[in-house]
$ cat run-v1.tsv   # TSV, C-alpha atoms
chain	number	residue	atom	x	y	z
Q	199	MET	CA	0.00	0.00	0.00
Q	200	ALA	CA	1.28	3.44	-0.87
Q	201	TYR	CA	2.17	5.74	2.06
Q	202	THR	CA	3.48	9.27	2.59
Q	203	GLY	CA	7.26	9.41	2.22
Q	204	GLN	CA	7.48	6.12	0.35
Q	205	PRO	CA	10.92	6.04	-1.37
Q	206	VAL	CA	9.68	4.15	-4.45
Q	207	PRO	CA	6.69	5.65	-6.28
Q	208	SER	CA	3.70	3.32	-6.68
Q	209	GLU	CA	0.19	3.54	-7.97
Q	210	VAL	CA	-2.85	1.99	-6.28
Q	211	THR	CA	-5.70	0.82	-8.50
Q	212	ASN	CA	-8.96	-0.03	-6.77
Q	213	ILE	CA	-10.74	-2.83	-8.58
Q	214	GLY	CA	-14.48	-2.94	-8.06
Q	215	TYR	CA	-17.44	-5.01	-9.24
Q	216	GLY	CA	-15.75	-8.33	-8.49
Q	217	LYS	CA	-16.59	-11.22	-6.20
Q	218	VAL	CA	-18.09	-10.12	-2.90
Q	219	SER	CA	-18.74	-13.52	-1.26
Q	220	ASP	CA	-18.82	-17.28	-1.85
Q	221	GLY	CA	-22.58	-17.06	-2.37
Q	222	LYS	CA	-23.31	-19.64	0.29
Q	223	SER	CA	-25.76	-17.41	2.10
Q	224	VAL	CA	-27.94	-14.42	1.40
Q	225	ARG	CA	-29.54	-11.74	3.57
Q	226	VAL	CA	-33.30	-11.56	3.01
Q	227	THR	CA	-36.27	-9.65	4.35
Q	228	VAL	CA	-38.60	-11.14	6.94
Q	229	PRO	CA	-42.16	-9.85	6.37
Q	230	GLU	CA	-44.30	-8.45	9.15
Q	231	SER	CA	-46.06	-10.82	11.56
Q	232	THR	CA	-43.69	-13.66	10.72
Q	233	THR	CA	-41.82	-16.13	12.91
Q	234	ILE	CA	-38.54	-17.58	11.63
Q	235	THR	CA	-36.94	-20.50	13.47
Q	236	ALA	CA	-33.23	-21.19	13.12
Q	237	GLY	CA	-32.57	-24.46	11.28
Q	238	LYS	CA	-35.87	-24.40	9.39
Q	239	PHE	CA	-36.28	-23.77	5.67
Q	240	TYR	CA	-38.01	-20.71	4.25
Q	241	LEU	CA	-38.63	-19.09	0.87
Q	242	LEU	CA	-37.92	-15.38	1.22
Q	243	ASP	CA	-37.18	-12.80	-1.47
Q	244	GLY	CA	-37.23	-15.64	-4.01
Q	245	PHE	CA	-34.53	-17.68	-2.21
Q	246	LEU	CA	-35.08	-21.06	-0.57
Q	247	GLY	CA	-32.68	-21.78	2.27
Q	248	CYS	CA	-32.09	-22.71	5.89
Q	249	ALA	CA	-32.47	-19.87	8.41
Q	250	CYS	CA	-29.28	-19.14	10.34
Q	251	ALA	CA	-31.09	-17.38	13.20
Q	252	SER	CA	-34.50	-17.07	14.81
Q	253	VAL	CA	-36.40	-13.88	14.06
Q	254	GLU	CA	-39.91	-12.73	14.95
Q	255	THR	CA	-41.63	-9.66	13.56
Q	256	GLU	CA	-44.73	-7.87	14.75
Q	257	ALA	CA	-47.47	-6.22	12.70
Q	258	GLY	CA	-46.04	-3.32	10.69
Q	259	GLU	CA	-42.49	-4.47	11.39
Q	260	THR	CA	-39.94	-6.16	9.13
Q	261	ALA	CA	-36.48	-7.55	9.80
Q	262	GLU	CA	-33.62	-9.37	8.10
Q	263	VAL	CA	-32.32	-12.91	8.39
Q	264	VAL	CA	-29.52	-14.83	6.72
Q	265	LEU	CA	-30.50	-17.92	4.72
Q	266	ASN	CA	-27.96	-20.63	4.00
Q	267	ILE	CA	-28.45	-21.39	0.30
Q	268	GLU	CA	-25.29	-23.43	-0.25
Q	269	PRO	CA	-25.84	-26.47	-2.50
Q	270	ALA	CA	-25.13	-29.11	0.15
Q	271	GLU	CA	-26.75	-32.05	1.95
Q	272	TYR	CA	-29.29	-31.07	4.58
Q	273	GLU	CA	-31.58	-32.76	7.10
Q	274	THR	CA	-35.18	-31.66	7.64
Q	275	ASP	CA	-38.53	-32.81	8.95
Q	276	GLN	CA	-40.42	-30.17	6.95
Q	277	ILE	CA	-42.10	-32.64	4.63
Q	278	LYS	CA	-45.65	-33.35	3.57
Q	279	ALA	CA	-46.71	-36.24	5.79
Q	280	ALA	CA	-48.80	-37.82	3.02
Q	281	ASP	CA	-45.65	-38.02	0.84
Q	282	LYS	CA	-43.57	-39.82	3.48
Q	283	THR	CA	-43.69	-43.31	1.96
Q	284	SER	CA	-42.81	-41.90	-1.46
Q	285	MET	CA	-39.90	-39.82	-0.18
Q	286	VAL	CA	-37.08	-42.21	-0.96
Q	287	LYS	CA	-33.51	-41.81	-2.13
Q	288	GLY	CA	-33.25	-40.35	-5.62
Q	289	ILE	CA	-36.69	-38.69	-5.68
Q	290	ASP	CA	-36.94	-35.02	-6.66
Q	291	ILE	CA	-38.62	-32.72	-4.16
Q	292	PHE	CA	-40.22	-29.30	-4.45
Q	293	TRP	CA	-41.10	-26.50	-2.04
Q	294	ASP	CA	-44.75	-25.83	-1.27
Q	295	LYS	CA	-44.65	-22.12	-0.45
Q	296	ASN	CA	-48.24	-22.06	0.79
Q	297	ASN	CA	-47.77	-24.81	3.37
Q	298	LYS	CA	-44.02	-24.30	3.88
Q	299	TYR	CA	-42.88	-27.88	3.43
Q	300	PHE	CA	-41.12	-30.10	0.94
Q	301	THR	CA	-43.25	-32.31	-1.29
Q	302	ILE	CA	-42.90	-34.65	-4.26
Q	303	THR	CA	-45.68	-32.76	-6.04
Q	304	GLY	CA	-44.28	-30.40	-8.67
Q	305	THR	CA	-44.41	-26.68	-7.81
Q	306	ASP	CA	-42.67	-23.60	-9.19
Q	307	VAL	CA	-39.75	-24.10	-6.78
Q	308	TYR	CA	-37.57	-27.14	-7.43
Q	309	ALA	CA	-35.72	-27.88	-4.17
Q	310	GLY	CA	-33.42	-30.84	-4.76
Q	311	LYS	CA	-33.09	-34.60	-4.51
Q	312	ILE	CA	-33.54	-36.93	-1.53
Q	313	THR	CA	-30.39	-38.75	-0.37
Q	314	VAL	CA	-31.81	-40.66	2.65
Q	315	ASP	CA	-35.37	-42.06	2.85
Q	316	ALA	CA	-37.90	-40.47	5.20
Q	317	ASP	CA	-37.71	-42.18	8.61
Q	318	ALA	CA	-40.28	-42.79	11.34
Q	319	ASN	CA	-39.91	-39.17	12.50
Q	320	ASN	CA	-40.60	-37.77	9.00
Q	321	VAL	CA	-36.96	-36.77	8.61
Q	322	ILE	CA	-35.21	-36.80	5.24
Q	323	TRP	CA	-31.74	-35.94	4.02
Q	324	PHE	CA	-31.54	-34.16	0.70
Q	325	THR	CA	-29.21	-32.18	-1.52
Q	326	LEU	CA	-30.34	-28.58	-1.98
Q	327	ALA	CA	-30.38	-27.72	-5.67
Q	328	GLY	CA	-27.96	-25.17	-7.01
Q	329	ARG	CA	-30.87	-23.01	-8.23
Q	330	PRO	CA	-33.61	-23.40	-5.61
Q	331	SER	CA	-35.03	-19.97	-6.32
Q	332	SER	CA	-38.51	-19.45	-7.68
Q	333	VAL	CA	-38.38	-19.97	-11.44
Q	334	ALA	CA	-40.87	-19.92	-14.27
Q	335	SER	CA	-42.75	-22.75	-12.99
Q	336	VAL	CA	-42.53	-26.42	-13.62
Q	337	THR	CA	-46.31	-26.55	-13.41
Q	338	THR	CA	-46.70	-23.58	-15.76
Q	339	LEU	CA	-44.41	-25.22	-18.28
Q	340	ALA	CA	-46.36	-28.46	-18.00
Q	341	ALA	CA	-49.58	-26.55	-18.62
Q	342	GLN	CA	-48.10	-24.97	-21.72
Q	343	VAL	CA	-47.02	-28.34	-23.07
Q	344	GLY	CA	-50.42	-29.84	-22.27
Q	345	SER	CA	-51.53	-33.32	-21.29
Q	346	LEU	CA	-50.34	-36.33	-23.28
Q	347	SER	CA	-53.81	-37.83	-22.94
Q	348	SER	CA	-55.16	-35.02	-25.14
Q	349	LEU	CA	-53.06	-36.08	-28.13
Q	350	THR	CA	-55.09	-37.02	-31.19
Q	351	THR	CA	-52.52	-39.66	-32.13
Q	352	THR	CA	-52.89	-43.27	-31.03
Q	353	ALA	CA	-49.62	-42.98	-29.11
Q	354	LYS	CA	-50.34	-41.10	-25.88
Q	355	THR	CA	-47.52	-42.21	-23.57
Q	356	SER	CA	-44.82	-39.85	-24.82
Q	357	VAL	CA	-44.30	-36.92	-27.16
Q	358	VAL	CA	-41.59	-38.86	-29.00
Q	359	ALA	CA	-43.96	-41.78	-29.65
Q	360	ALA	CA	-46.60	-39.39	-31.00
Q	361	ILE	CA	-44.09	-37.70	-33.32
Q	362	ASN	CA	-42.87	-41.07	-34.57
Q	363	GLU	CA	-46.44	-42.08	-35.30
Q	364	VAL	CA	-47.07	-38.96	-37.39
Q	365	ASN	CA	-43.68	-39.29	-39.05
Q	366	GLY	CA	-44.57	-42.83	-40.10
Q	367	LYS	CA	-47.67	-41.73	-41.98
Q	368	LYS	CA	-47.20	-41.39	-45.74
Q	369	ALA	CA	-49.66	-39.90	-48.17
Q	370	ALA	CA	-50.38	-41.66	-51.46
Q	371	LYS	CA	-48.39	-40.28	-54.34
Q	372	VAL	CA	-50.23	-37.88	-56.62
Q	373	ALA	CA	-48.97	-37.79	-60.20
Q	374	ALA	CA	-47.70	-34.47	-61.49
Q	375	ILE	CA	-49.50	-32.50	-64.18
Q	376	ALA	CA	-48.32	-33.85	-67.50
Q	377	ASP	CA	-47.63	-30.51	-69.17
Q	378	PRO	CA	-47.68	-27.49	-66.81
Q	379	ALA	CA	-47.31	-25.13	-69.75
Q	380	THR	CA	-50.69	-26.10	-71.18
Q	381	ALA	CA	-52.48	-27.02	-67.92
Q	382	THR	CA	-55.86	-25.41	-67.32
Q	383	ALA	CA	-57.27	-24.19	-64.02
Q	384	GLU	CA	-59.41	-27.33	-63.98
Q	385	ASP	CA	-56.29	-29.52	-64.32
Q	386	VAL	CA	-54.64	-27.76	-61.34
Q	387	ALA	CA	-57.82	-28.00	-59.21
Q	388	THR	CA	-58.10	-31.73	-59.97
Q	389	LYS	CA	-54.52	-32.40	-58.85
Q	390	LEU	CA	-54.93	-30.22	-55.76
Q	391	ASN	CA	-58.10	-32.07	-54.73
Q	392	ALA	CA	-56.28	-35.37	-55.26
Q	393	LEU	CA	-53.44	-34.19	-53.02
Q	394	LEU	CA	-55.82	-33.06	-50.26
Q	395	THR	CA	-57.61	-36.42	-50.44
Q	396	ALA	CA	-54.30	-38.28	-50.15
Q	397	LEU	CA	-53.27	-36.22	-47.11
Q	398	THR	CA	-56.64	-36.75	-45.43
Q	399	ASN	CA	-56.57	-40.51	-46.07
Q	400	ALA	CA	-53.08	-40.70	-44.54
Q	401	GLY	CA	-54.31	-38.97	-41.38
Q	402	LEU	CA	-52.13	-35.95	-41.99
Q	403	MET	CA	-55.01	-33.55	-42.53
Q	404	ALA	CA	-58.44	-33.28	-40.96
Q	405	ASN	CA	-61.56	-33.60	-43.09

$ encode --input "run-v1.tsv" --output "structure tokens"
Amino acid sequence: MAYTGQPVPSEVTNIGYGKVSDGKSVRVTVPESTTITAGKFYLLDGFLGCACASVETEAGETAEVVLNIEPAEYETDQIKAADKTSMVKGIDIFWDKNNKYFTITGTDVYAGKITVDADANNVIWFTLAGRPSSVASVTTLAAQVGSLSSLTTTAKTSVVAAINEVNGKKAAKVAAIADPATATAEDVATKLNALLTALTNAGLMAN
């Protein structure tokens, strides 16, 4: 560091906008009339993590708390009791922000993957996902894609199977107009109708 009277001139350059932390925790806002218990998981300011301290706010009062959001293995009993038997190693879990527990039912907050089955005390071990913030929802995406059962193809178990079924359909060949230079409008209409009929018969076009 440069100092007054330094015998060798030097220049100090302050570098900003770089790394400020390891990103293992984040300070978030606790809404009014809310109780936070250290060691429990919460979704605050769009971040899902384990509270590092206990905080309680009154009506009209807010506070801050640090959430541990490090992608690591955690233990919790904040699970949906009805999901207990299905909460086994390797299963994906999600955060139910309305009921404040982990569930196997898809929500807009993917939480991670179970590493140790739920025990008699409803306790699981799981790895917290590297992006457990609220994202454009899994359920919203599923709604946009739609239900496989609504497919008009015979194959309804997967999108790939449905595409393969359509890809396998071939329309009957329609002969080309013999001499386009002398073809009449009636000749073109006849060939077009034949093509439409072939496509319809192949199941590639609705009647």

$ closest_atom_pairs --input "run-v1.tsv" --of "segment 261-320 of chain Q" --to "segment 229-236 of chain Q" --cutoff "12 Å" --atoms "all atoms listed in the file" --output "tab-separated table"
residue	atom	partner	partner_atom	distance
Q:Ala261	CA	Q:Pro229	CA	7.0
Q:Glu262	CA	Q:Pro229	CA	8.7
Q:Val263	CA	Q:Ile234	CA	8.4
Q:Val264	CA	Q:Ala236	CA	9.8
Q:Leu265	CA	Q:Ala236	CA	9.4
Q:Asn266	CA	Q:Ala236	CA	10.5
Q:Thr274	CA	Q:Ala236	CA	12.0
Q:Lys298	CA	Q:Ile234	CA	11.6

$ write_last_selection --input "run-v1.tsv" --atoms "C-alpha atoms" --output "mmCIF file, keeping the file's coordinate frame"
data_model
loop_
_atom_site.group_PDB
_atom_site.id
_atom_site.type_symbol
_atom_site.label_atom_id
_atom_site.label_comp_id
_atom_site.auth_asym_id
_atom_site.auth_seq_id
_atom_site.Cartn_x
_atom_site.Cartn_y
_atom_site.Cartn_z
ATOM 1 C CA ALA Q 261 -36.480 -7.550 9.800
ATOM 2 C CA GLU Q 262 -33.620 -9.370 8.100
ATOM 3 C CA VAL Q 263 -32.320 -12.910 8.390
ATOM 4 C CA VAL Q 264 -29.520 -14.830 6.720
ATOM 5 C CA LEU Q 265 -30.500 -17.920 4.720
ATOM 6 C CA ASN Q 266 -27.960 -20.630 4.000
ATOM 7 C CA THR Q 274 -35.180 -31.660 7.640
ATOM 8 C CA LYS Q 298 -44.020 -24.300 3.880
#

$ residues_around --input "run-v1.tsv" --residues "Met403 of chain Q" --least-positions-apart "4" --cutoff "12 Å" --atoms "all atoms listed in the file" --output "JSON, numbers by chain"
{"Q": [350, 364, 367, 368, 369, 393, 394, 395, 396, 397, 398, 399]}

$ residues_near_point --input "run-v1.tsv" --point "(-33.5, -33.6, 2.2)" --cutoff "12 Å" --atoms "only C-alpha atoms" --output "MDAnalysis selection string"
chainID Q and resid 238:239 247:248 269:277 282 285:293 299:302 309:317 320:327

$ atom_distance --input "run-v1.tsv" --atom1 "atom CA of Asp306 of chain Q" --atom2 "atom CA of Gly221 of chain Q"
22.2 Å

$ closest_residue --input "run-v1.tsv" --among "Q:Ser223, Q:Asn296, Q:Ser284, Q:Asn391" --to "Cys250 of chain Q" --atoms "only C-alpha atoms"
Q:Ser223

$ atom_distance --input "run-v1.tsv" --atom1 "atom CA of Gly344 of chain Q" --atom2 "atom CA of Gly401 of chain Q"
21.5 Å

$ atom_distance --input "run-v1.tsv" --atom1 "atom CA of Leu390 of chain Q" --atom2 "atom CA of Asn362 of chain Q"
26.7 Å

$ build_atoms --input "run-v1.tsv" --residues "segment 300-325 of chain Q" --atoms "N, CA and C atoms" --output "short mmCIF file (atom, residue, chain, number, x, y, z; two decimals), keeping the file's coordinate frame"
data_model
loop_
_atom_site.label_atom_id
_atom_site.label_comp_id
_atom_site.auth_asym_id
_atom_site.auth_seq_id
_atom_site.Cartn_x
_atom_site.Cartn_y
_atom_site.Cartn_z
N PHE Q 300 -41.60 -29.45 2.15
CA PHE Q 300 -41.12 -30.10 0.94
C PHE Q 300 -42.11 -31.19 0.53
N THR Q 301 -42.29 -31.35 -0.78
CA THR Q 301 -43.25 -32.31 -1.29
C THR Q 301 -42.73 -32.92 -2.58
N ILE Q 302 -43.30 -34.05 -2.98
CA ILE Q 302 -42.90 -34.65 -4.26
C ILE Q 302 -43.79 -34.13 -5.39
N THR Q 303 -44.81 -33.36 -5.03
CA THR Q 303 -45.68 -32.76 -6.04
C THR Q 303 -45.01 -31.55 -6.66
N GLY Q 304 -44.96 -31.49 -7.99
CA GLY Q 304 -44.28 -30.40 -8.67
C GLY Q 304 -44.87 -29.03 -8.35
N THR Q 305 -44.00 -28.08 -8.02
CA THR Q 305 -44.41 -26.68 -7.81
C THR Q 305 -43.46 -25.80 -8.62
N ASP Q 306 -43.56 -24.49 -8.44
CA ASP Q 306 -42.67 -23.60 -9.19
C ASP Q 306 -41.32 -23.43 -8.52
N VAL Q 307 -41.06 -24.16 -7.44
CA VAL Q 307 -39.75 -24.10 -6.78
C VAL Q 307 -39.18 -25.51 -6.64
N TYR Q 308 -38.26 -25.85 -7.53
CA TYR Q 308 -37.57 -27.14 -7.43
C TYR Q 308 -36.56 -27.04 -6.31
N ALA Q 309 -36.57 -27.99 -5.37
CA ALA Q 309 -35.72 -27.88 -4.17
C ALA Q 309 -34.48 -28.75 -4.22
N GLY Q 310 -34.59 -29.96 -4.75
CA GLY Q 310 -33.42 -30.84 -4.76
C GLY Q 310 -33.80 -32.30 -4.86
N LYS Q 311 -32.89 -33.16 -4.39
CA LYS Q 311 -33.09 -34.60 -4.51
C LYS Q 311 -32.80 -35.28 -3.18
N ILE Q 312 -33.67 -36.22 -2.80
CA ILE Q 312 -33.54 -36.93 -1.53
C ILE Q 312 -32.33 -37.87 -1.57
N THR Q 313 -31.55 -37.87 -0.48
CA THR Q 313 -30.39 -38.75 -0.37
C THR Q 313 -30.59 -39.86 0.66
N VAL Q 314 -31.48 -39.64 1.64
CA VAL Q 314 -31.81 -40.66 2.65
C VAL Q 314 -33.32 -40.69 2.82
N ASP Q 315 -33.91 -41.89 2.75
CA ASP Q 315 -35.37 -42.06 2.85
C ASP Q 315 -35.93 -41.40 4.10
N ALA Q 316 -37.20 -41.01 4.03
CA ALA Q 316 -37.90 -40.47 5.20
C ALA Q 316 -37.97 -41.55 6.27
N ASP Q 317 -37.68 -41.19 7.52
CA ASP Q 317 -37.71 -42.18 8.61
C ASP Q 317 -39.01 -42.07 9.41
N ALA Q 318 -39.06 -42.76 10.53
CA ALA Q 318 -40.28 -42.79 11.34
C ALA Q 318 -40.65 -41.42 11.90
N ASN Q 319 -39.66 -40.52 11.97
CA ASN Q 319 -39.91 -39.17 12.50
C ASN Q 319 -40.12 -38.14 11.38
N ASN Q 320 -40.38 -38.64 10.16
CA ASN Q 320 -40.60 -37.77 9.00
C ASN Q 320 -39.37 -36.91 8.67
N VAL Q 321 -38.20 -37.48 8.90
CA VAL Q 321 -36.96 -36.77 8.61
C VAL Q 321 -36.34 -37.32 7.34
N ILE Q 322 -35.93 -36.42 6.46
CA ILE Q 322 -35.21 -36.80 5.24
C ILE Q 322 -33.87 -36.09 5.19
N TRP Q 323 -32.95 -36.64 4.41
CA TRP Q 323 -31.74 -35.94 4.02
C TRP Q 323 -31.89 -35.66 2.54
N PHE Q 324 -31.42 -34.50 2.11
CA PHE Q 324 -31.54 -34.16 0.70
C PHE Q 324 -30.45 -33.19 0.29
N THR Q 325 -30.17 -33.15 -1.00
CA THR Q 325 -29.21 -32.18 -1.52
C THR Q 325 -30.00 -30.99 -2.04
#
